[in-house]
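A.B. asks: My structure is below; once you've seen it, I'll send some questions.
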Number of protein chains: 4
Amino acid sequence: MDLQAILENIYTQTLATEDKGSVSASIPELRAVDPDKFGIHLLTIDRKDHAIGDSAERFSIQSISKVFTISYAISLLGDEVWSRVGVEPSGNPFNSLVQLEYERGRPRNPFINAGALVVADMLISGLKNPKEQLLEFVRMTSGHDTIGFDERVAASEKETGFRNAALANMLKSYDNLHNDVEEVLDFYFHQCSITMSCKELAYAFFYFANRGYTFDNKVMILTESRNKRLNALMQTCGFYDESGEFAYKVGLPGKSGIGGGIIAIHPGRFSVATWSPGLNEKGNSVRGMKALELLTTETALSIF
Amino acid sequence: MDLQAILENIYTQTLATEDKGSVSASIPELRAVDPDKFGIHLLTIDRKDHAIGDSAERFSIQSISKVFTISYAISLLGDEVWSRVGVEPSGNPFNSLVQLEYERGRPRNPFINAGALVVADMLISGLKNPKEQLLEFVRMTSGHDTIGFDERVAASEKETGFRNAALANMLKSYDNLHNDVEEVLDFYFHQCSITMSCKELAYAFFYFANRGYTFDNKVMILTESRNKRLNALMQTCGFYDESGEFAYKVGLPGKSGIGGGIIAIHPGRFSVATWSPGLNEKGNSVRGMKALELLTTETALSIF
Amino acid sequence: MDLQAILENIYTQTLATEDKGSVSASIPELRAVDPDKFGIHLLTIDRKDHAIGDSAERFSIQSISKVFTISYAISLLGDEVWSRVGVEPSGNPFNSLVQLEYERGRPRNPFINAGALVVADMLISGLKNPKEQLLEFVRMTSGHDTIGFDERVAASEKETGFRNAALANMLKSYDNLHNDVEEVLDFYFHQCSITMSCKELAYAFFYFANRGYTFDNKVMILTESRNKRLNALMQTCGFYDESGEFAYKVGLPGKSGIGGGIIAIHPGRFSVATWSPGLNEKGNSVRGMKALELLTTETALSIF
Amino acid sequence: MDLQAILENIYTQTLATEDKGSVSASIPELRAVDPDKFGIHLLTIDRKDHAIGDSAERFSIQSISKVFTISYAISLLGDEVWSRVGVEPSGNPFNSLVQLEYERGRPRNPFINAGALVVADMLISGLKNPKEQLLEFVRMTSGHDTIGFDERVAASEKETGFRNAALANMLKSYDNLHNDVEEVLDFYFHQCSITMSCKELAYAFFYFANRGYTFDNKVMILTESRNKRLNALMQTCGFYDESGEFAYKVGLPGKSGIGGGIIAIHPGRFSVATWSPGLNEKGNSVRGMKALELLTTETALSIF
């Protein structure tokens, strides 16, 4: 199978579909990004790189960072993390606040914002220099030590992130935040502001394809069992209210962000990252979803 | 790997755990079942049978029947079925009626009751003798032609199924049922009343492990692509509000029923059915969940 | 105060406002009604009639009938009725099914459909010939013995009343209906189909203005205390999700129906009925609301 | 009618009922209040005082302050206030956040916390020294110029008011707060911390009984029409999720606070304030509700 040829074919086909979505309007600093950017980087289990388009350009990873933080929290606290956050899909986005009330402050999973705030709170409690240590974790998993925060994006989100502030205060009212609301929000806005390229993401997420071990096989980020479980969690909860659609059409675990990035994993085979800033109404990259659907259709490499 | 020895080990370990759950009280006719029944049947892709306990005894498959009906509906109507029912997890059971209102009568997936009622309605519209033809479909996929309805269970459910009647009327109010409410409910209560053994279920669901082909390779129930997609749907939506937990702990697509049965699939490897009538509070068999978690832990055969 | 002159003034002013709303589309038989009908009948505590427009023409009273049934149920069962239905406003219509779930099958008040179904169930349990006896009750309170059901409207509602059937089945699933769902719905669709004129309604509701006694002072329908309490209930819950608006702008207890009728009461002063079939989006008669707002503004006769 | 004798009788009867509720635990500083405090002050339209018990002792008026702020906002902005807050009862407290989402950030009425926060925001925008001017307004309406904030209560609420912070951030996310979240919360916690006695409350609310004019007839706080409308609003929305119950049993407009105070109005007749710190599960004073029910039963002075 000539993966490079397949990638090129997918790239061309995806560009040919008319709808490229709309760049997220929710964070002012993100609005300026060029909507025509589009890149893919695929890294196979035998360490072969396949790339096309703007795959080396960094962008705001946004919610993709939630996979780093839950991985890091599990590596620190083990299964204790599940006492404060669940593993069930959340259903409709409309329900986020309802469900938080109904379930008395325990978010349904670590990939909805409420859940990610709780995970951020865990890291703040468990780390000496939480923001710096998170960056080190991401640099280590990806093997790229220049990865950093985009302070302007973090500041922009802080100024407009009233819904996240509402969620954090709700969690605090249920005693499911142990640190100051402001500190948790600051950490959260920073984690979302991390910028990485498709290539760096494919490398950073390689451990999900590699039984928990980093690209160089030197560090076990997660035990094999926990690695499988986080893959399962990405499968069921990784795409907001389109997780079922993604599982149905693509059949791979993954995670998206409103910066237009998507990471997907085929355990034992490859990791792949896409980036195109235009989103559909559910908040997922239109071209990224399309490219990954084509990838699994053409390679028949879904996990099912 | 000596699968028979593993099954025996799992069986013993599962029996040793104290909690065996409670037999469903929702359908009067089901209350009489012996709570100590417990069986497993595993059928590998190379057609080897591994069984233990009460694996040859028939029980009420209940919601497991929803996989048969959506398979059958897709084989008749193709992707048109998705215009009337979605593929997203439903979130909290508490929300079922809310979500049906919020999404204006289009159920989130075919495995929640509202979705199964819509699928039943499709089959009634598309078949001459819907109930008889459904039985023939199940007999054909399983290779056992004595499979039938339990009329007492169907009647019992009819007498107490007011919540299903509420859902059916709601769907009708949104024009998402085309046949009479009574007729749809009658069909639905019958499909749920089908009785099968673990062995028959493992055979019937073999096509999900076998790229869409039945056990004897003679009939293609679903195209390979649709087969994968239904596997993905079982993965994300097969266990009510415990789908995430099942994905997280077991890592296989599957479907449960309140009769205490569970079917799970490892695409390309095996199908496995368990039966133990005691349920947890989410409505899934306690021992069945436990046995399948042990199975994937001990064999490391999760799909992730 | 020349009430007749005031009525005429109000009538003219109301006709001059452009928006007259839209005739309800929910019941096929009601769609044919002439949208330009408009009548008012005001009956003062000293038994003076003031009328204008189509005040003598009968129309479908629909939900106004809910006041008759709860009055009748209280006269039979006393305060026991409140064990099965509450007295709180229901908030948003969107929530009706949610709230029924949240409050485990006890409707918030007798004027939402779920509550009226429970009251209908009480009357069926307590009366030998429920439909006939309800008619007799309405005839007696109004002093008009030709009042009857419109069987075509009742049949039309039965054919399309799936949402009411959903509610009835939900109530049944919570054991808050004691009779057959079909029988309760049949009674309910009949009570809604009663046809009366503005004049007949003003007379029938006179007891709410008259300390519980009928127009001729011969029959006490409700004790003075219960009479006050039902007035309070109409004040807080009589206008679907516009009860607050009506209290705020009109300041009188009352009840509306989707046939376009409204009844309002000034305790100790008068009863008044309006009819104009065009509804606003909340389901209340546009011209009726306007006319009653003008009435209390011009007479300053709000109860507050 | 010897009102003083009636008050004494009511006082004795109320003390004789065993359940006195529980002091609110939600604000730490309020927990220390003596649960046996109980006072009533009734002020008739002809300026006669009737008092009993601890009617001269000041307590935290909490949500009763919401009537002052909406009155003040209307006196500044007129009906423009209703563009940002509604007049409908809110239904279930459980729904508060849901409804705020469903209605896109426009609170249903000014007496739920979300609504009061919006009103606070209006006052901050419209006043030079909002907190000081609010105090002046309350001092003027009550005729007592020593009324002030309890800074310890305000601070205590600030430290624990995460749910209010969540609501304020939600409102901000919908652009329905124009000032800083912190500033709005600070104002809100201060308005709730005002301490007044039953006597001072009865005097301060006298304008609702007196066609909008203060006790000395010198100042018109609200036009007669707006005065009636606010009375109607208190009737339908003044008692959280027990507004219907209060209307049903007492039949007077009013407002309660979790400090244990209740104010009620009989337009054209009297204003009456009660205080007893023990609350029922809906957050209303147990003895206050009981005393007011007895008052209207014994005097038959309900407005209905």
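Residues are referred to by chain and number: the chain letter is A, B, ... according to the order shown in the structure tokens, the number counts from 1 in that chain, and ligands are numbered separately from 1 in the order shown.
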Determine which residues of segment 16-203 of chain D DSSP labels as strand (DSSP E) from the backbone of this structure, then write them out as number ranges by chain.

C.D. replies: D: 22-23, 39-44, 49-53, 59-60, 195-196

A.B. asks: Could you list, as a short mmCIF file (atom, residue, chain, number, x, y, z; two decimals) with N, CA and C atoms, in the first residue's frame, every residue within 7 Å of Ala73 of chain A, counting only C-alpha atoms and ignoring same-chain residues fewer than 6 positions away?

C.D. replies:
data_model
loop_
_atom_site.label_atom_id
_atom_site.label_comp_id
_atom_site.auth_asym_id
_atom_site.auth_seq_id
_atom_site.Cartn_x
_atom_site.Cartn_y
_atom_site.Cartn_z
N VAL A 119 -9.86 18.03 35.44
CA VAL A 119 -8.53 17.45 35.23
C VAL A 119 -7.45 18.51 35.44
N MET A 122 -6.84 18.87 38.99
CA MET A 122 -6.02 17.78 39.53
C MET A 122 -4.53 18.06 39.30
N LEU A 123 -4.21 18.51 38.09
CA LEU A 123 -2.81 18.76 37.77
C LEU A 123 -2.26 19.91 38.61
#

A.B. asks: Identify every residue of chain A that has at least one atom within 8 Å of any atom of chain B, counting only C-alpha atoms, and report the result as a PyMOL selection string.

C.D. replies: chain A and resi 87-92+99+225+228-233+235-236+241-245+247-249+251+266-267+297+302-304

A.B. asks: Take the residues from that selection and write them out as a PDB file, in the first residue's frame, keeping N, CA and C atoms.

C.D. replies:
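Contents of selection18.pdb, as written:
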ATOM      1  N   VAL A  87     -16.662   8.456  32.349  1.00  0.00           N
ATOM      2  CA  VAL A  87     -16.177   7.998  31.042  1.00  0.00           C
ATOM      3  C   VAL A  87     -17.312   7.839  30.029  1.00  0.00           C
ATOM      4  N   GLU A  88     -18.463   8.473  30.320  1.00  0.00           N
ATOM      5  CA  GLU A  88     -19.608   8.306  29.418  1.00  0.00           C
ATOM      6  C   GLU A  88     -19.729   9.468  28.436  1.00  0.00           C
ATOM      7  N   PRO A  89     -20.162   9.176  27.226  1.00  0.00           N
ATOM      8  CA  PRO A  89     -20.445  10.255  26.278  1.00  0.00           C
ATOM      9  C   PRO A  89     -21.482  11.213  26.872  1.00  0.00           C
ATOM     10  N   SER A  90     -21.423  12.452  26.446  1.00  0.00           N
ATOM     11  CA  SER A  90     -22.252  13.452  27.126  1.00  0.00           C
ATOM     12  C   SER A  90     -23.566  13.713  26.446  1.00  0.00           C
ATOM     13  N   GLY A  91     -23.817  13.077  25.298  1.00  0.00           N
ATOM     14  CA  GLY A  91     -25.025  13.456  24.576  1.00  0.00           C
ATOM     15  C   GLY A  91     -24.861  14.872  24.094  1.00  0.00           C
ATOM     16  N   ASN A  92     -25.986  15.492  24.001  1.00  0.00           N
ATOM     17  CA  ASN A  92     -26.130  16.802  23.399  1.00  0.00           C
ATOM     18  C   ASN A  92     -25.369  17.921  24.095  1.00  0.00           C
ATOM     19  N   GLN A  99     -26.681  18.464  32.605  1.00  0.00           N
ATOM     20  CA  GLN A  99     -26.122  17.201  33.070  1.00  0.00           C
ATOM     21  C   GLN A  99     -25.221  17.411  34.264  1.00  0.00           C
ATOM     22  N   SER A 225      -2.773  -1.367  29.357  1.00  0.00           N
ATOM     23  CA  SER A 225      -4.199  -1.423  29.673  1.00  0.00           C
ATOM     24  C   SER A 225      -4.819  -0.025  29.691  1.00  0.00           C
ATOM     25  N   LYS A 228      -5.124   1.445  26.174  1.00  0.00           N
ATOM     26  CA  LYS A 228      -6.310   0.961  25.477  1.00  0.00           C
ATOM     27  C   LYS A 228      -7.551   1.707  25.940  1.00  0.00           C
ATOM     28  N   ARG A 229      -7.606   1.899  27.253  1.00  0.00           N
ATOM     29  CA  ARG A 229      -8.805   2.527  27.792  1.00  0.00           C
ATOM     30  C   ARG A 229      -8.951   3.975  27.342  1.00  0.00           C
ATOM     31  N   LEU A 230      -7.831   4.696  27.257  1.00  0.00           N
ATOM     32  CA  LEU A 230      -7.932   6.076  26.758  1.00  0.00           C
ATOM     33  C   LEU A 230      -8.275   6.094  25.270  1.00  0.00           C
ATOM     34  N   ASN A 231      -7.764   5.102  24.533  1.00  0.00           N
ATOM     35  CA  ASN A 231      -8.197   4.996  23.137  1.00  0.00           C
ATOM     36  C   ASN A 231      -9.706   4.816  23.054  1.00  0.00           C
ATOM     37  N   ALA A 232     -10.234   3.929  23.903  1.00  0.00           N
ATOM     38  CA  ALA A 232     -11.685   3.702  23.909  1.00  0.00           C
ATOM     39  C   ALA A 232     -12.430   4.988  24.255  1.00  0.00           C
ATOM     40  N   LEU A 233     -11.872   5.739  25.187  1.00  0.00           N
ATOM     41  CA  LEU A 233     -12.513   6.981  25.599  1.00  0.00           C
ATOM     42  C   LEU A 233     -12.522   8.001  24.460  1.00  0.00           C
ATOM     43  N   GLN A 235     -12.548   7.208  21.381  1.00  0.00           N
ATOM     44  CA  GLN A 235     -13.524   6.684  20.431  1.00  0.00           C
ATOM     45  C   GLN A 235     -14.952   7.135  20.776  1.00  0.00           C
ATOM     46  N   THR A 236     -15.317   7.035  22.047  1.00  0.00           N
ATOM     47  CA  THR A 236     -16.715   7.313  22.414  1.00  0.00           C
ATOM     48  C   THR A 236     -16.990   8.792  22.687  1.00  0.00           C
ATOM     49  N   ASP A 241     -20.479  16.420  20.111  1.00  0.00           N
ATOM     50  CA  ASP A 241     -21.711  15.711  19.794  1.00  0.00           C
ATOM     51  C   ASP A 241     -21.673  15.048  18.427  1.00  0.00           C
ATOM     52  N   GLU A 242     -20.465  14.787  17.937  1.00  0.00           N
ATOM     53  CA  GLU A 242     -20.330  14.098  16.662  1.00  0.00           C
ATOM     54  C   GLU A 242     -19.466  12.848  16.843  1.00  0.00           C
ATOM     55  N   SER A 243     -19.322  12.412  18.097  1.00  0.00           N
ATOM     56  CA  SER A 243     -18.471  11.257  18.370  1.00  0.00           C
ATOM     57  C   SER A 243     -19.018  10.007  17.698  1.00  0.00           C
ATOM     58  N   GLY A 244     -20.335   9.845  17.722  1.00  0.00           N
ATOM     59  CA  GLY A 244     -20.946   8.691  17.081  1.00  0.00           C
ATOM     60  C   GLY A 244     -20.722   8.729  15.581  1.00  0.00           C
ATOM     61  N   GLU A 245     -20.922   9.893  15.003  1.00  0.00           N
ATOM     62  CA  GLU A 245     -20.711  10.072  13.564  1.00  0.00           C
ATOM     63  C   GLU A 245     -19.265   9.734  13.175  1.00  0.00           C
ATOM     64  N   ALA A 247     -17.110   7.817  14.866  1.00  0.00           N
ATOM     65  CA  ALA A 247     -16.921   6.368  15.024  1.00  0.00           C
ATOM     66  C   ALA A 247     -17.563   5.641  13.849  1.00  0.00           C
ATOM     67  N   TYR A 248     -18.749   6.094  13.489  1.00  0.00           N
ATOM     68  CA  TYR A 248     -19.506   5.433  12.412  1.00  0.00           C
ATOM     69  C   TYR A 248     -18.799   5.561  11.067  1.00  0.00           C
ATOM     70  N   LYS A 249     -18.302   6.748  10.760  1.00  0.00           N
ATOM     71  CA  LYS A 249     -17.732   6.983   9.433  1.00  0.00           C
ATOM     72  C   LYS A 249     -16.238   6.690   9.358  1.00  0.00           C
ATOM     73  N   GLY A 251     -14.244   5.276  12.278  1.00  0.00           N
ATOM     74  CA  GLY A 251     -13.923   4.033  12.974  1.00  0.00           C
ATOM     75  C   GLY A 251     -12.570   4.018  13.642  1.00  0.00           C
ATOM     76  N   HIS A 266      -4.754   4.579  14.945  1.00  0.00           N
ATOM     77  CA  HIS A 266      -5.081   3.177  14.700  1.00  0.00           C
ATOM     78  C   HIS A 266      -4.127   2.354  15.557  1.00  0.00           C
ATOM     79  N   PRO A 267      -4.635   1.826  16.689  1.00  0.00           N
ATOM     80  CA  PRO A 267      -3.740   1.130  17.615  1.00  0.00           C
ATOM     81  C   PRO A 267      -2.936   0.035  16.896  1.00  0.00           C
ATOM     82  N   THR A 297     -11.714   4.639   4.475  1.00  0.00           N
ATOM     83  CA  THR A 297     -12.436   3.984   3.383  1.00  0.00           C
ATOM     84  C   THR A 297     -11.442   3.408   2.372  1.00  0.00           C
ATOM     85  N   SER A 302     -10.121   0.775   9.319  1.00  0.00           N
ATOM     86  CA  SER A 302     -10.872   1.048  10.549  1.00  0.00           C
ATOM     87  C   SER A 302     -10.591  -0.054  11.555  1.00  0.00           C
ATOM     88  N   ILE A 303     -10.778   0.244  12.831  1.00  0.00           N
ATOM     89  CA  ILE A 303     -10.508  -0.791  13.837  1.00  0.00           C
ATOM     90  C   ILE A 303     -11.641  -1.804  13.951  1.00  0.00           C
ATOM     91  N   PHE A 304     -12.756  -1.566  13.263  1.00  0.00           N
ATOM     92  CA  PHE A 304     -13.905  -2.469  13.444  1.00  0.00           C
ATOM     93  C   PHE A 304     -13.985  -3.560  12.391  1.00  0.00           C
TER      94      PHE A 304
END

A.B. asks: Compile the contact shell of Ala51 of chain B as a PyMOL selection string: residues with an atom at most 10 Å away, counting only C-alpha atoms, same-chain residues fewer than 4 positions apart removed.

C.D. replies: chain B and resi 3-4+7-8+39-43+55-56+198-199+272-274

A.B. asks: Using only C-alpha atoms, determine which residues lie at most 9 Å from Ile112 of chain D, disregarding the query and same-chain residues fewer than 5 positions distant; provide the list as a PDB file with N, CA and C atoms, in the first residue's frame.

C.D. replies:
ATOM      1  N   SER D  63     -33.245  37.852  49.581  1.00  0.00           N
ATOM      2  CA  SER D  63     -33.938  38.021  48.296  1.00  0.00           C
ATOM      3  C   SER D  63     -35.063  39.036  48.313  1.00  0.00           C
ATOM      4  N   LYS D  66     -34.636  41.976  46.177  1.00  0.00           N
ATOM      5  CA  LYS D  66     -34.876  41.970  44.723  1.00  0.00           C
ATOM      6  C   LYS D  66     -36.076  42.834  44.346  1.00  0.00           C
ATOM      7  N   PRO D  89     -43.187  32.946  35.652  1.00  0.00           N
ATOM      8  CA  PRO D  89     -42.673  32.057  36.699  1.00  0.00           C
ATOM      9  C   PRO D  89     -41.643  31.098  36.101  1.00  0.00           C
ATOM     10  N   SER D  90     -40.725  30.656  36.940  1.00  0.00           N
ATOM     11  CA  SER D  90     -39.602  29.903  36.388  1.00  0.00           C
ATOM     12  C   SER D  90     -39.786  28.404  36.451  1.00  0.00           C
ATOM     13  N   PRO D  93     -36.759  24.848  40.323  1.00  0.00           N
ATOM     14  CA  PRO D  93     -35.427  25.406  40.566  1.00  0.00           C
ATOM     15  C   PRO D  93     -34.353  24.615  39.831  1.00  0.00           C
ATOM     16  N   SER D  96     -33.156  26.043  36.581  1.00  0.00           N
ATOM     17  CA  SER D  96     -32.716  27.416  36.419  1.00  0.00           C
ATOM     18  C   SER D  96     -31.662  27.588  35.332  1.00  0.00           C
ATOM     19  N   PRO D 107     -33.270  35.944  31.685  1.00  0.00           N
ATOM     20  CA  PRO D 107     -33.905  35.264  32.821  1.00  0.00           C
ATOM     21  C   PRO D 107     -35.417  35.438  32.793  1.00  0.00           C
ATOM     22  N   LEU D 117     -29.520  39.394  39.079  1.00  0.00           N
ATOM     23  CA  LEU D 117     -28.177  39.810  38.651  1.00  0.00           C
ATOM     24  C   LEU D 117     -28.265  40.781  37.470  1.00  0.00           C
ATOM     25  N   CYS D 237     -44.383  35.057  41.089  1.00  0.00           N
ATOM     26  CA  CYS D 237     -42.974  34.639  41.109  1.00  0.00           C
ATOM     27  C   CYS D 237     -42.256  34.873  42.432  1.00  0.00           C
ATOM     28  N   GLY D 238     -42.949  35.280  43.487  1.00  0.00           N
ATOM     29  CA  GLY D 238     -42.254  35.759  44.676  1.00  0.00           C
ATOM     30  C   GLY D 238     -41.672  34.699  45.593  1.00  0.00           C
ATOM     31  N   TYR D 240     -40.015  31.511  44.919  1.00  0.00           N
ATOM     32  CA  TYR D 240     -39.254  30.428  44.307  1.00  0.00           C
ATOM     33  C   TYR D 240     -40.223  29.391  43.728  1.00  0.00           C
TER      34      TYR D 240
END

A.B. asks: Counting only C-alpha atoms, figure out which residue out of B:Leu135, B:Ala5, B:Leu97, B:Leu185 gets nearest to Leu167 of chain C.

C.D. replies: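 Of B:Leu135, B:Ala5, B:Leu97, B:Leu185, the one nearest Leu167 of chain C, counting only C-alpha atoms, is B:Leu97.
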
A.B. asks: Kindly give the distance, in Å, that separates atom CA of Ser256 of chain B and atom CA of Asp121 of chain B, rounded to a single decimal.

C.D. replies: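 Spanning atom CA of Ser256 of chain B to atom CA of Asp121 of chain B is a straight-line distance of 21.7 Å.
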